[in-house]
Every structure is written in C-alpha cells, then in structure tokens.
Amino acid sequence: PMPAASLPVVLLLGWTGAKDRNLAVYKRKIYDGRGYEAIPFNDHNKTPFYKSLRGRNLEEHAKAALEAIKTHEPVALHVFSNGGGFLFTEMVRLARENSEYRDSMSRVQHQIVDSSPGYINDFLAGWWFLYEIFRSRPARSALYLFTPALAFVWALNYVVRLQFIGRYNSSERYFARWVESMQVSGLKKFMFIYSDEDKLISSKAVEDLAGRLEENRAQVTRRKMPGSAHVAHLIKHTVPYREAVLKFLAS
C-alpha cells in the first residue's frame with residue numbers, strides 16, 4: 001500500500017440535491033480507515049438548486065472548493081453527476097483566469113467521475129431530473145400534466161440556440177471545459193463510473209467525453225456498473241466500486 005503521506009486528499013463534489021449524509025456514505029465506505037482524508041463539499045446544495053449552479057452563486061461555491069484544497073497536495077476530485085460537474089468546470093475557469101486559484105488546481109492529480117457528464121440539453125434527462133427533484137405525488141402529477149408543454153418549450157429553445165453550431169452548443173462547451181482542465185492543471189488521470197441504466201446521464205455521453213480525453217492523451221479508466229441507477233452505483237456495487245476507486249487512486 002502507498003504510505004499515508006503520499007495518498008491524495010479527496011474532495012467530494014456532491015450532485016444537485018445531495019445531502020451531507022449522502023456524501024458521508026462515500027466517505028465512510030470508501031475512504032475512512034484506509035489512510036485517506038476525504039472532504040465532503042456540498043455548499044452548492046445549501047441554496048436552492050435553481051440558484052446554486054449559475055452565475056455568481058456558482059463562482060462563490062467554486063472559490064470555496066478551491067480554498068478547501070489549497071493547503072493539500074496531492075488532491076483527487078470525486079465528482080458526482082452534472083451538479084458536481086458544473087462546479088468542477090467553474091473551478092477550472094477560475095484557475096485559468098485567476099492566478100490566485102491556479103495553484104490549487106495544479107495540486108489535483110486524479111479525478112473520479114460518478115454519473116457524469118450528461119448532455120446538457122437532453123430532454124429526457126431533464127425530465128427525469130425534475131422527476132427526482134419533485135418527490136410528492138401532486139408535484140409529479142403536475143409534471144406529467146405539463147410534459148407536452150415542456151417538450152414544446154424545449155424544442156423552441158433547441159432551435160433558437162442553434163444546437164447544430166458548436167460554439168452555441170451548451171453540451172459542447174461543457175465537455176470542452178473538462179478537456180481544458182488538462183491544460184490548466186496538468187490533470188491527466190480520469191475514472192468514469194456509469195451505467196446503461198442511468199436515466200439521467202446516458203452512457204453514450206460519458207463515453208463521448210472519455211474518448212475526447214483519450215484523444216488528448218489522458219489516462220482514462222472506465223467502469224460500467226450493471227443495473228445501477230443514477231448516483232447509486234456504490235449502493236448496488238459497494239465492493240467493486242470501492243476496489244476500483246482505491247486501485248485508481250494508487251495508480
């Protein structure tokens with residue numbers, strides 16, 4: 001085993017809607033008692049989800065995440081879903097534009113990506129996201145009722161934003177940020193944990209980004225988990241998940 005001094009400190013970037021207790025499960029089942037310091041970071045879930053991942057709110061959360069790792073080295077990021085992914089890409093932007101944060105990102109050597117990234121303008125993924133957010137029966141009934149209207153609005157948005165032109169494509173910009181992280185931080189080791197059964201994040205989207213990173217000479221590990229739902233891979237496959245993560249971090 002690696003000596004404790006050389007083990008990375010792991011920052012857990014929670015998915016949208018995650019609770020502190022959710023991230024505590026990953027900390028306990030993977031990292032505790034194995035020489036790792038794991039830091040759950042869930043600040044972006046302490047504000048309403050429609051505010052937490054946009055504009056100044058997102059920037060402040062990203063600054064806080066960079067502050068959390070600036071005194072540690074080496075560092076690994078354990079990123080969950082698009083909520084954690086948006087936060088990560090904002091960290092990359094800040095590091096690129098602000099020398100104050102560049103050193104923090106340069107400390108990151110590994111990235112574990114669970115249930116991310118997904119295509120930003122995928123209607124079905126967005127619908128399932130709302131379905132998970134709205135837990136009550138009346139709210140879900142309303143979602144079913146308004147699905148045709150949501151589909152119409154989404155279709156208009158798709159045309160207006162000119163999705164067929166790369167620079168107007170939100171997904172393209174989002175994926176490009178991940179590739180850009182390699183130039184900003186020197187990060188070259190990625191592991192993707194995903195599933196064909198994930199209704200929010202398609203395996204095709206994950207494999208698309210993994211392929212782009214490989215084209216840019218990153219070291220990419222893929223772990224496709226059979227039969228597990230969105231951000232539920234650890235729950236269904238606890239031992240294989242933990243073993244895969246620890247093996248990757250030791251590489």
# chains A, B, ... in the order shown; residues from 1 in each chain; ligands from 1
>>> residues_around(residues="Lys224 (chain A)", least_positions_apart="3", cutoff="10 Å", atoms="only C-alpha atoms", output="PyMOL selection string")
chain A and resi 192-196+203+221+227-228+233
>>> residues_around(residues="Ala18 (chain A)", least_positions_apart="5", cutoff="10 Å", atoms="only C-alpha atoms", output="ChimeraX atom specification")
/A:13,23,42,44-46,80,83-84,231
>>> residues_around(residues="Tyr101 (chain A)", least_positions_apart="5", cutoff="9 Å", atoms="only C-alpha atoms", output="VMD selection string")
chain A and resid 63 66 to 67 70 91 94 to 96 106
>>> residues_around(residues="Leu11 (chain A)", least_positions_apart="2", cutoff="8 Å", atoms="only C-alpha atoms", output="list in words")
Val9, Leu13, Ala38, Ile39, Pro40, Phe41, Ile69, Val75, Ala76, Leu77 and His78 of chain A
>>> residues_around(residues="Lys204 (chain A)", least_positions_apart="2", cutoff="12 Å", atoms="only C-alpha atoms", output="list of chain:residue names")
A:Ser115, A:Ser116, A:Pro117, A:Gly118, A:Tyr119, A:Tyr194, A:Ser195, A:Asp196, A:Glu197, A:Asp198, A:Lys199, A:Leu200, A:Ile201, A:Ser202, A:Val206, A:Glu207, A:Asp208, A:Leu209, A:Ala210, A:Gly211, A:Lys224
>>> write_last_selection(atoms="all heavy atoms", output="compact mmCIF listing (two decimals), in the first residue's frame")
# COMPACT_ATOMS: atom_id res chain seq x y z
N SER A 115 -21.46 9.11 -12.55
CA SER A 115 -22.75 9.51 -13.15
C SER A 115 -22.68 10.87 -13.82
O SER A 115 -23.58 11.70 -13.69
CB SER A 115 -23.86 9.52 -12.09
OG SER A 115 -23.95 8.28 -11.43
N SER A 116 -21.63 11.13 -14.56
CA SER A 116 -21.44 12.40 -15.26
C SER A 116 -20.35 12.20 -16.30
O SER A 116 -19.54 11.27 -16.18
CB SER A 116 -21.02 13.48 -14.25
OG SER A 116 -20.96 14.75 -14.85
N PRO A 117 -20.30 13.07 -17.33
CA PRO A 117 -21.21 14.18 -17.62
C PRO A 117 -22.37 13.71 -18.48
O PRO A 117 -22.34 12.63 -19.06
CB PRO A 117 -20.31 15.14 -18.40
CG PRO A 117 -19.44 14.22 -19.19
CD PRO A 117 -19.17 13.03 -18.27
N GLY A 118 -23.40 14.54 -18.55
CA GLY A 118 -24.51 14.26 -19.43
C GLY A 118 -24.68 15.37 -20.44
O GLY A 118 -24.16 16.46 -20.27
N TYR A 119 -25.40 15.07 -21.50
CA TYR A 119 -25.71 16.11 -22.48
C TYR A 119 -26.62 17.13 -21.82
O TYR A 119 -27.65 16.80 -21.25
CB TYR A 119 -26.38 15.51 -23.71
CG TYR A 119 -25.51 14.52 -24.45
CD1 TYR A 119 -25.97 13.25 -24.76
CD2 TYR A 119 -24.21 14.88 -24.85
CE1 TYR A 119 -25.17 12.35 -25.45
CE2 TYR A 119 -23.41 13.98 -25.53
CZ TYR A 119 -23.89 12.72 -25.83
OH TYR A 119 -23.09 11.83 -26.50
N TYR A 194 -20.22 4.62 -14.41
CA TYR A 194 -21.50 4.94 -15.04
C TYR A 194 -22.26 3.65 -15.33
O TYR A 194 -21.79 2.55 -15.01
CB TYR A 194 -21.26 5.74 -16.33
CG TYR A 194 -20.42 5.03 -17.38
CD1 TYR A 194 -21.01 4.50 -18.52
CD2 TYR A 194 -19.05 4.89 -17.23
CE1 TYR A 194 -20.24 3.86 -19.49
CE2 TYR A 194 -18.27 4.25 -18.18
CZ TYR A 194 -18.87 3.72 -19.30
OH TYR A 194 -18.10 3.08 -20.25
N SER A 195 -23.43 3.79 -15.94
CA SER A 195 -24.30 2.64 -16.16
C SER A 195 -25.20 2.88 -17.37
O SER A 195 -25.58 4.02 -17.66
CB SER A 195 -25.16 2.40 -14.92
OG SER A 195 -26.19 1.47 -15.17
N ASP A 196 -25.54 1.80 -18.04
CA ASP A 196 -26.52 1.91 -19.13
C ASP A 196 -27.92 2.16 -18.59
O ASP A 196 -28.80 2.61 -19.33
CB ASP A 196 -26.54 0.61 -19.95
CG ASP A 196 -25.33 0.47 -20.86
OD1 ASP A 196 -24.77 1.51 -21.27
OD2 ASP A 196 -24.93 -0.67 -21.17
N GLU A 197 -28.15 1.87 -17.32
CA GLU A 197 -29.48 2.01 -16.72
C GLU A 197 -29.71 3.38 -16.09
O GLU A 197 -30.78 3.62 -15.54
CB GLU A 197 -29.69 0.92 -15.66
CG GLU A 197 -29.98 -0.47 -16.23
CD GLU A 197 -28.77 -1.09 -16.91
OE1 GLU A 197 -27.64 -0.86 -16.44
OE2 GLU A 197 -28.96 -1.79 -17.92
N ASP A 198 -28.74 4.26 -16.15
CA ASP A 198 -28.89 5.62 -15.60
C ASP A 198 -29.84 6.40 -16.50
O ASP A 198 -29.55 6.62 -17.68
CB ASP A 198 -27.51 6.29 -15.54
CG ASP A 198 -27.54 7.62 -14.79
OD1 ASP A 198 -28.59 8.28 -14.77
OD2 ASP A 198 -26.48 8.01 -14.26
N LYS A 199 -30.96 6.86 -15.95
CA LYS A 199 -31.96 7.57 -16.75
C LYS A 199 -31.64 9.05 -16.93
O LYS A 199 -32.23 9.72 -17.77
CB LYS A 199 -33.35 7.41 -16.11
CG LYS A 199 -33.87 5.98 -16.16
CD LYS A 199 -35.23 5.85 -15.50
CE LYS A 199 -35.74 4.42 -15.59
NZ LYS A 199 -37.06 4.25 -14.92
N LEU A 200 -30.72 9.58 -16.11
CA LEU A 200 -30.38 11.00 -16.21
C LEU A 200 -29.14 11.23 -17.08
O LEU A 200 -29.07 12.21 -17.81
CB LEU A 200 -30.14 11.61 -14.83
CG LEU A 200 -31.38 12.10 -14.08
CD1 LEU A 200 -32.20 10.93 -13.59
CD2 LEU A 200 -30.99 12.98 -12.91
N ILE A 201 -28.16 10.35 -16.97
CA ILE A 201 -26.89 10.51 -17.68
C ILE A 201 -26.69 9.30 -18.59
O ILE A 201 -26.53 8.17 -18.11
CB ILE A 201 -25.71 10.62 -16.69
CG1 ILE A 201 -25.91 11.78 -15.73
CG2 ILE A 201 -24.38 10.73 -17.44
CD1 ILE A 201 -25.90 13.15 -16.36
N SER A 202 -26.68 9.51 -19.88
CA SER A 202 -26.54 8.39 -20.80
C SER A 202 -25.10 7.90 -20.85
O SER A 202 -24.15 8.69 -20.75
CB SER A 202 -27.00 8.79 -22.22
OG SER A 202 -26.04 9.63 -22.83
N VAL A 206 -21.13 9.82 -21.44
CA VAL A 206 -19.92 9.56 -20.66
C VAL A 206 -18.79 9.07 -21.56
O VAL A 206 -17.65 9.55 -21.49
CB VAL A 206 -20.21 8.54 -19.55
CG1 VAL A 206 -18.92 8.18 -18.78
CG2 VAL A 206 -21.25 9.07 -18.58
N GLU A 207 -19.11 8.12 -22.43
CA GLU A 207 -18.09 7.55 -23.31
C GLU A 207 -17.61 8.57 -24.34
O GLU A 207 -16.46 8.52 -24.77
CB GLU A 207 -18.63 6.29 -23.96
CG GLU A 207 -18.78 5.15 -22.96
CD GLU A 207 -19.60 3.99 -23.46
OE1 GLU A 207 -20.15 4.09 -24.59
OE2 GLU A 207 -19.71 2.98 -22.74
N ASP A 208 -18.48 9.50 -24.70
CA ASP A 208 -18.09 10.59 -25.61
C ASP A 208 -16.98 11.42 -24.99
O ASP A 208 -15.93 11.64 -25.59
CB ASP A 208 -19.32 11.46 -25.91
CG ASP A 208 -19.01 12.60 -26.88
OD1 ASP A 208 -17.87 12.72 -27.35
OD2 ASP A 208 -19.94 13.39 -27.18
N LEU A 209 -17.18 11.85 -23.74
CA LEU A 209 -16.15 12.66 -23.09
C LEU A 209 -14.90 11.84 -22.82
O LEU A 209 -13.78 12.33 -23.02
CB LEU A 209 -16.67 13.23 -21.77
CG LEU A 209 -15.62 14.01 -20.98
CD1 LEU A 209 -15.09 15.20 -21.78
CD2 LEU A 209 -16.16 14.48 -19.64
N ALA A 210 -15.05 10.59 -22.39
CA ALA A 210 -13.89 9.74 -22.13
C ALA A 210 -13.03 9.62 -23.39
O ALA A 210 -11.79 9.69 -23.32
CB ALA A 210 -14.34 8.37 -21.65
N GLY A 211 -13.69 9.48 -24.54
CA GLY A 211 -12.96 9.39 -25.80
C GLY A 211 -12.22 10.67 -26.13
O GLY A 211 -11.08 10.64 -26.62
N LYS A 224 -18.11 0.50 -16.10
CA LYS A 224 -19.56 0.49 -16.34
C LYS A 224 -20.19 -0.52 -15.39
O LYS A 224 -19.88 -1.71 -15.44
CB LYS A 224 -19.87 0.13 -17.79
CG LYS A 224 -21.35 0.19 -18.13
CD LYS A 224 -21.64 -0.28 -19.53
CE LYS A 224 -21.21 0.72 -20.57
NZ LYS A 224 -21.69 0.33 -21.93
>>> select_by_dssp(residues="region 14-48 of chain A", states="strand (DSSP E or B)", output="PyMOL selection string")
chain A and resi 38-41
>>> atom_distance(atom1="CA of Arg217 (chain A)", atom2="CA of Glu172 (chain A)")
19.1 Å
